[in-house]
Amino acid sequence: MILLVIGVVLLGVFALRFRQERRRFGNGVLLLLGLLCAGGALVASGAAGAGPEVLVALVLALSPLLVLVLAGLLIVNGAVMLHREGLRVANLLSAALGVALLVPYVLLVLAVLAEWKVLGALLLAVVLVASYLGFVLLSFLLYSVVYGMATRTDGAAAIVVHGSGLLGDRVPPLLASRLDRALGIWHTDRAHGRTPLLVPSGGKGSDEKVSEAAAMTSYLAEYGVPAGDVLPEDRSTTTRENLLFSKHLLARQGIEHNILLVTSNFHVLRTALLARSVGLDAQVTGAPTARYYLPSALLREFVGVLAEHKRLNIAVCAVLAALPVVVLVAS
């Protein structure tokens, strides 16, 4: 009962924070914690004589269990990536992470069976760190879906489309998917009497013949968007620059609020977090991506989010890694 109350409270805090500001990674952590507590309490309530300690143990066990399930899914996805995309380092990312998540658990079981206390403590430290990272990853994945589903796309004053690279001077499928998503929103708004400004955002790479903004502008023109409804931003080379330069460009047009950012679905949450960090009042929507490509892309996004909060994550991992060693020394 206590754990259920905790879960309900956590979900209530999540709902309040989500209403105040959606672009917080902490929302995802609260949501997953609340679901684990409430779900664990409800599952354990069917067990006869289950006390609070049983419920707590159940919730603590769920995180490493979910990590093991995730490891299996990553390995399967890695096999699919290799089959469809060929043998490349980038395509090995998901499978390699899946194996890396499994190894500490296997070694820990062996150490416990062989009664290797020192090795067991060290491996337990690795498992705790892996469980923490797995929990944060699950929070990221869950909240990416929740945030993406909750974003409204109608009535924006401006629609900013983030670039993703060109093939010479041509728009590749990934970028075309973003532009098609923006075009769909733009046409819907136009049908309701609104005229959002389209901002194709992206500079010129060293291997590109024109800027991404120029190629995207041509693409939009081919699909009937008048030149007066397009405001290219052609200097940015990173997502942060996409946001900052678009922010300044739109401010000069008197647009500082009610902005919609369009990117790929795997990039939605990180883009939203970055938009908040640079003070851009915007929400983010995603364009579809091939399913088999999503796990590797999401992992890269997750690593980016971890890096942006590296001090906190390093501190937590250090504490978790030290706990088994401290207990072993104390005993």
# chains A, B, ... in the order shown; residues from 1 in each chain; ligands from 1
$ residues_around --residues "region 236-241 of chain A" --least-positions-apart "5" --cutoff "9 Å" --atoms "only C-alpha atoms" --output "PyMOL selection string"
chain A and resi 162-163+201-205+246+271+274-275+278
$ select_by_dssp --residues "region 208-275 of chain A" --states "helix (DSSP H, G or I)" --output "PyMOL selection string"
chain A and resi 212-222+227-229+239-251+265-275
$ write_last_selection --atoms "N, CA and C atoms" --output "JSON list (two decimals), in the first residue's frame"
[["chain", "number", "residue", "atom", "x", "y", "z"],
["A", 212, "GLU", "N", 22.13, 23.43, -46.78],
["A", 212, "GLU", "CA", 20.92, 22.64, -46.56],
["A", 212, "GLU", "C", 19.68, 23.52, -46.70],
["A", 213, "ALA", "N", 19.79, 24.75, -46.20],
["A", 213, "ALA", "CA", 18.65, 25.67, -46.28],
["A", 213, "ALA", "C", 18.25, 25.93, -47.73],
["A", 214, "ALA", "N", 19.24, 26.09, -48.62],
["A", 214, "ALA", "CA", 18.96, 26.34, -50.04],
["A", 214, "ALA", "C", 18.29, 25.13, -50.69],
["A", 215, "ALA", "N", 18.81, 23.94, -50.40],
["A", 215, "ALA", "CA", 18.22, 22.72, -50.97],
["A", 215, "ALA", "C", 16.80, 22.50, -50.44],
["A", 216, "MET", "N", 16.60, 22.78, -49.16],
["A", 216, "MET", "CA", 15.27, 22.61, -48.59],
["A", 216, "MET", "C", 14.29, 23.64, -49.14],
["A", 217, "THR", "N", 14.77, 24.85, -49.36],
["A", 217, "THR", "CA", 13.92, 25.90, -49.94],
["A", 217, "THR", "C", 13.45, 25.49, -51.33],
["A", 218, "SER", "N", 14.36, 24.93, -52.14],
["A", 218, "SER", "CA", 13.99, 24.45, -53.47],
["A", 218, "SER", "C", 12.96, 23.32, -53.38],
["A", 219, "TYR", "N", 13.15, 22.43, -52.42],
["A", 219, "TYR", "CA", 12.22, 21.31, -52.22],
["A", 219, "TYR", "C", 10.82, 21.84, -51.87],
["A", 220, "LEU", "N", 10.77, 22.81, -50.96],
["A", 220, "LEU", "CA", 9.49, 23.39, -50.56],
["A", 220, "LEU", "C", 8.82, 24.09, -51.75],
["A", 221, "ALA", "N", 9.62, 24.78, -52.57],
["A", 221, "ALA", "CA", 9.08, 25.48, -53.74],
["A", 221, "ALA", "C", 8.45, 24.49, -54.72],
["A", 222, "GLU", "N", 9.10, 23.31, -54.87],
["A", 222, "GLU", "CA", 8.56, 22.29, -55.77],
["A", 222, "GLU", "C", 7.19, 21.80, -55.33],
["A", 227, "ALA", "N", 7.52, 31.75, -52.09],
["A", 227, "ALA", "CA", 8.80, 32.24, -51.56],
["A", 227, "ALA", "C", 8.60, 33.14, -50.35],
["A", 228, "GLY", "N", 7.50, 33.88, -50.31],
["A", 228, "GLY", "CA", 7.24, 34.78, -49.20],
["A", 228, "GLY", "C", 6.93, 34.08, -47.90],
["A", 229, "ASP", "N", 6.63, 32.77, -47.96],
["A", 229, "ASP", "CA", 6.33, 31.99, -46.74],
["A", 229, "ASP", "C", 7.54, 31.23, -46.23],
["A", 239, "THR", "N", 22.75, 21.16, -34.08],
["A", 239, "THR", "CA", 21.37, 21.37, -33.60],
["A", 239, "THR", "C", 21.29, 22.63, -32.75],
["A", 240, "ARG", "N", 22.28, 22.84, -31.90],
["A", 240, "ARG", "CA", 22.26, 24.04, -31.04],
["A", 240, "ARG", "C", 22.29, 25.31, -31.90],
["A", 241, "GLU", "N", 23.09, 25.30, -32.95],
["A", 241, "GLU", "CA", 23.13, 26.46, -33.84],
["A", 241, "GLU", "C", 21.82, 26.60, -34.62],
["A", 242, "ASN", "N", 21.22, 25.47, -35.03],
["A", 242, "ASN", "CA", 19.90, 25.51, -35.66],
["A", 242, "ASN", "C", 18.93, 26.31, -34.80],
["A", 243, "LEU", "N", 18.97, 26.02, -33.51],
["A", 243, "LEU", "CA", 18.03, 26.65, -32.57],
["A", 243, "LEU", "C", 18.37, 28.12, -32.34],
["A", 244, "LEU", "N", 19.63, 28.40, -32.09],
["A", 244, "LEU", "CA", 20.03, 29.78, -31.79],
["A", 244, "LEU", "C", 19.85, 30.71, -32.99],
["A", 245, "PHE", "N", 20.33, 30.28, -34.16],
["A", 245, "PHE", "CA", 20.23, 31.14, -35.34],
["A", 245, "PHE", "C", 18.78, 31.31, -35.78],
["A", 246, "SER", "N", 17.98, 30.25, -35.66],
["A", 246, "SER", "CA", 16.56, 30.37, -36.01],
["A", 246, "SER", "C", 15.85, 31.29, -35.02],
["A", 247, "LYS", "N", 16.24, 31.20, -33.75],
["A", 247, "LYS", "CA", 15.65, 32.07, -32.73],
["A", 247, "LYS", "C", 15.90, 33.54, -33.06],
["A", 248, "HIS", "N", 17.13, 33.88, -33.39],
["A", 248, "HIS", "CA", 17.47, 35.27, -33.70],
["A", 248, "HIS", "C", 16.81, 35.73, -35.01],
["A", 249, "LEU", "N", 16.76, 34.83, -35.99],
["A", 249, "LEU", "CA", 16.14, 35.16, -37.27],
["A", 249, "LEU", "C", 14.65, 35.45, -37.10],
["A", 250, "LEU", "N", 13.98, 34.63, -36.33],
["A", 250, "LEU", "CA", 12.54, 34.81, -36.12],
["A", 250, "LEU", "C", 12.26, 36.03, -35.24],
["A", 251, "ALA", "N", 13.15, 36.30, -34.30],
["A", 251, "ALA", "CA", 12.96, 37.47, -33.43],
["A", 251, "ALA", "C", 12.94, 38.75, -34.25],
["A", 265, "ASN", "N", 11.95, 11.66, -35.62],
["A", 265, "ASN", "CA", 11.32, 11.25, -34.36],
["A", 265, "ASN", "C", 12.33, 10.84, -33.29],
["A", 266, "PHE", "N", 13.48, 10.29, -33.67],
["A", 266, "PHE", "CA", 14.47, 9.90, -32.68],
["A", 266, "PHE", "C", 15.17, 11.11, -32.05],
["A", 267, "HIS", "N", 15.06, 12.26, -32.69],
["A", 267, "HIS", "CA", 15.78, 13.46, -32.26],
["A", 267, "HIS", "C", 14.89, 14.44, -31.50],
["A", 268, "VAL", "N", 13.63, 14.07, -31.29],
["A", 268, "VAL", "CA", 12.64, 15.01, -30.76],
["A", 268, "VAL", "C", 12.97, 15.46, -29.34],
["A", 269, "LEU", "N", 13.16, 14.52, -28.42],
["A", 269, "LEU", "CA", 13.33, 14.89, -27.02],
["A", 269, "LEU", "C", 14.61, 15.70, -26.79],
["A", 270, "ARG", "N", 15.70, 15.27, -27.37],
["A", 270, "ARG", "CA", 16.96, 16.01, -27.18],
["A", 270, "ARG", "C", 16.85, 17.41, -27.77],
["A", 271, "THR", "N", 16.18, 17.55, -28.90],
["A", 271, "THR", "CA", 15.97, 18.88, -29.49],
["A", 271, "THR", "C", 15.15, 19.75, -28.56],
["A", 272, "ALA", "N", 14.12, 19.17, -27.94],
["A", 272, "ALA", "CA", 13.28, 19.92, -27.01],
["A", 272, "ALA", "C", 14.09, 20.38, -25.79],
["A", 273, "LEU", "N", 14.94, 19.49, -25.27],
["A", 273, "LEU", "CA", 15.78, 19.85, -24.12],
["A", 273, "LEU", "C", 16.75, 20.97, -24.49],
["A", 274, "LEU", "N", 17.33, 20.88, -25.69],
["A", 274, "LEU", "CA", 18.25, 21.92, -26.15],
["A", 274, "LEU", "C", 17.53, 23.25, -26.37],
["A", 275, "ALA", "N", 16.30, 23.19, -26.91],
["A", 275, "ALA", "CA", 15.53, 24.42, -27.13],
["A", 275, "ALA", "C", 15.28, 25.13, -25.81]]
$ residues_around --residues "Leu261 (chain A)" --least-positions-apart "2" --cutoff "9 Å" --atoms "only C-alpha atoms" --output "ChimeraX atom specification"
/A:158-162,182,243,259,263,268,271-272,282-286
$ residues_around --residues "region 185-194 of chain A" --least-positions-apart "3" --cutoff "7 Å" --atoms "only C-alpha atoms" --output "PyMOL selection string"
chain A and resi 153-155+181-182
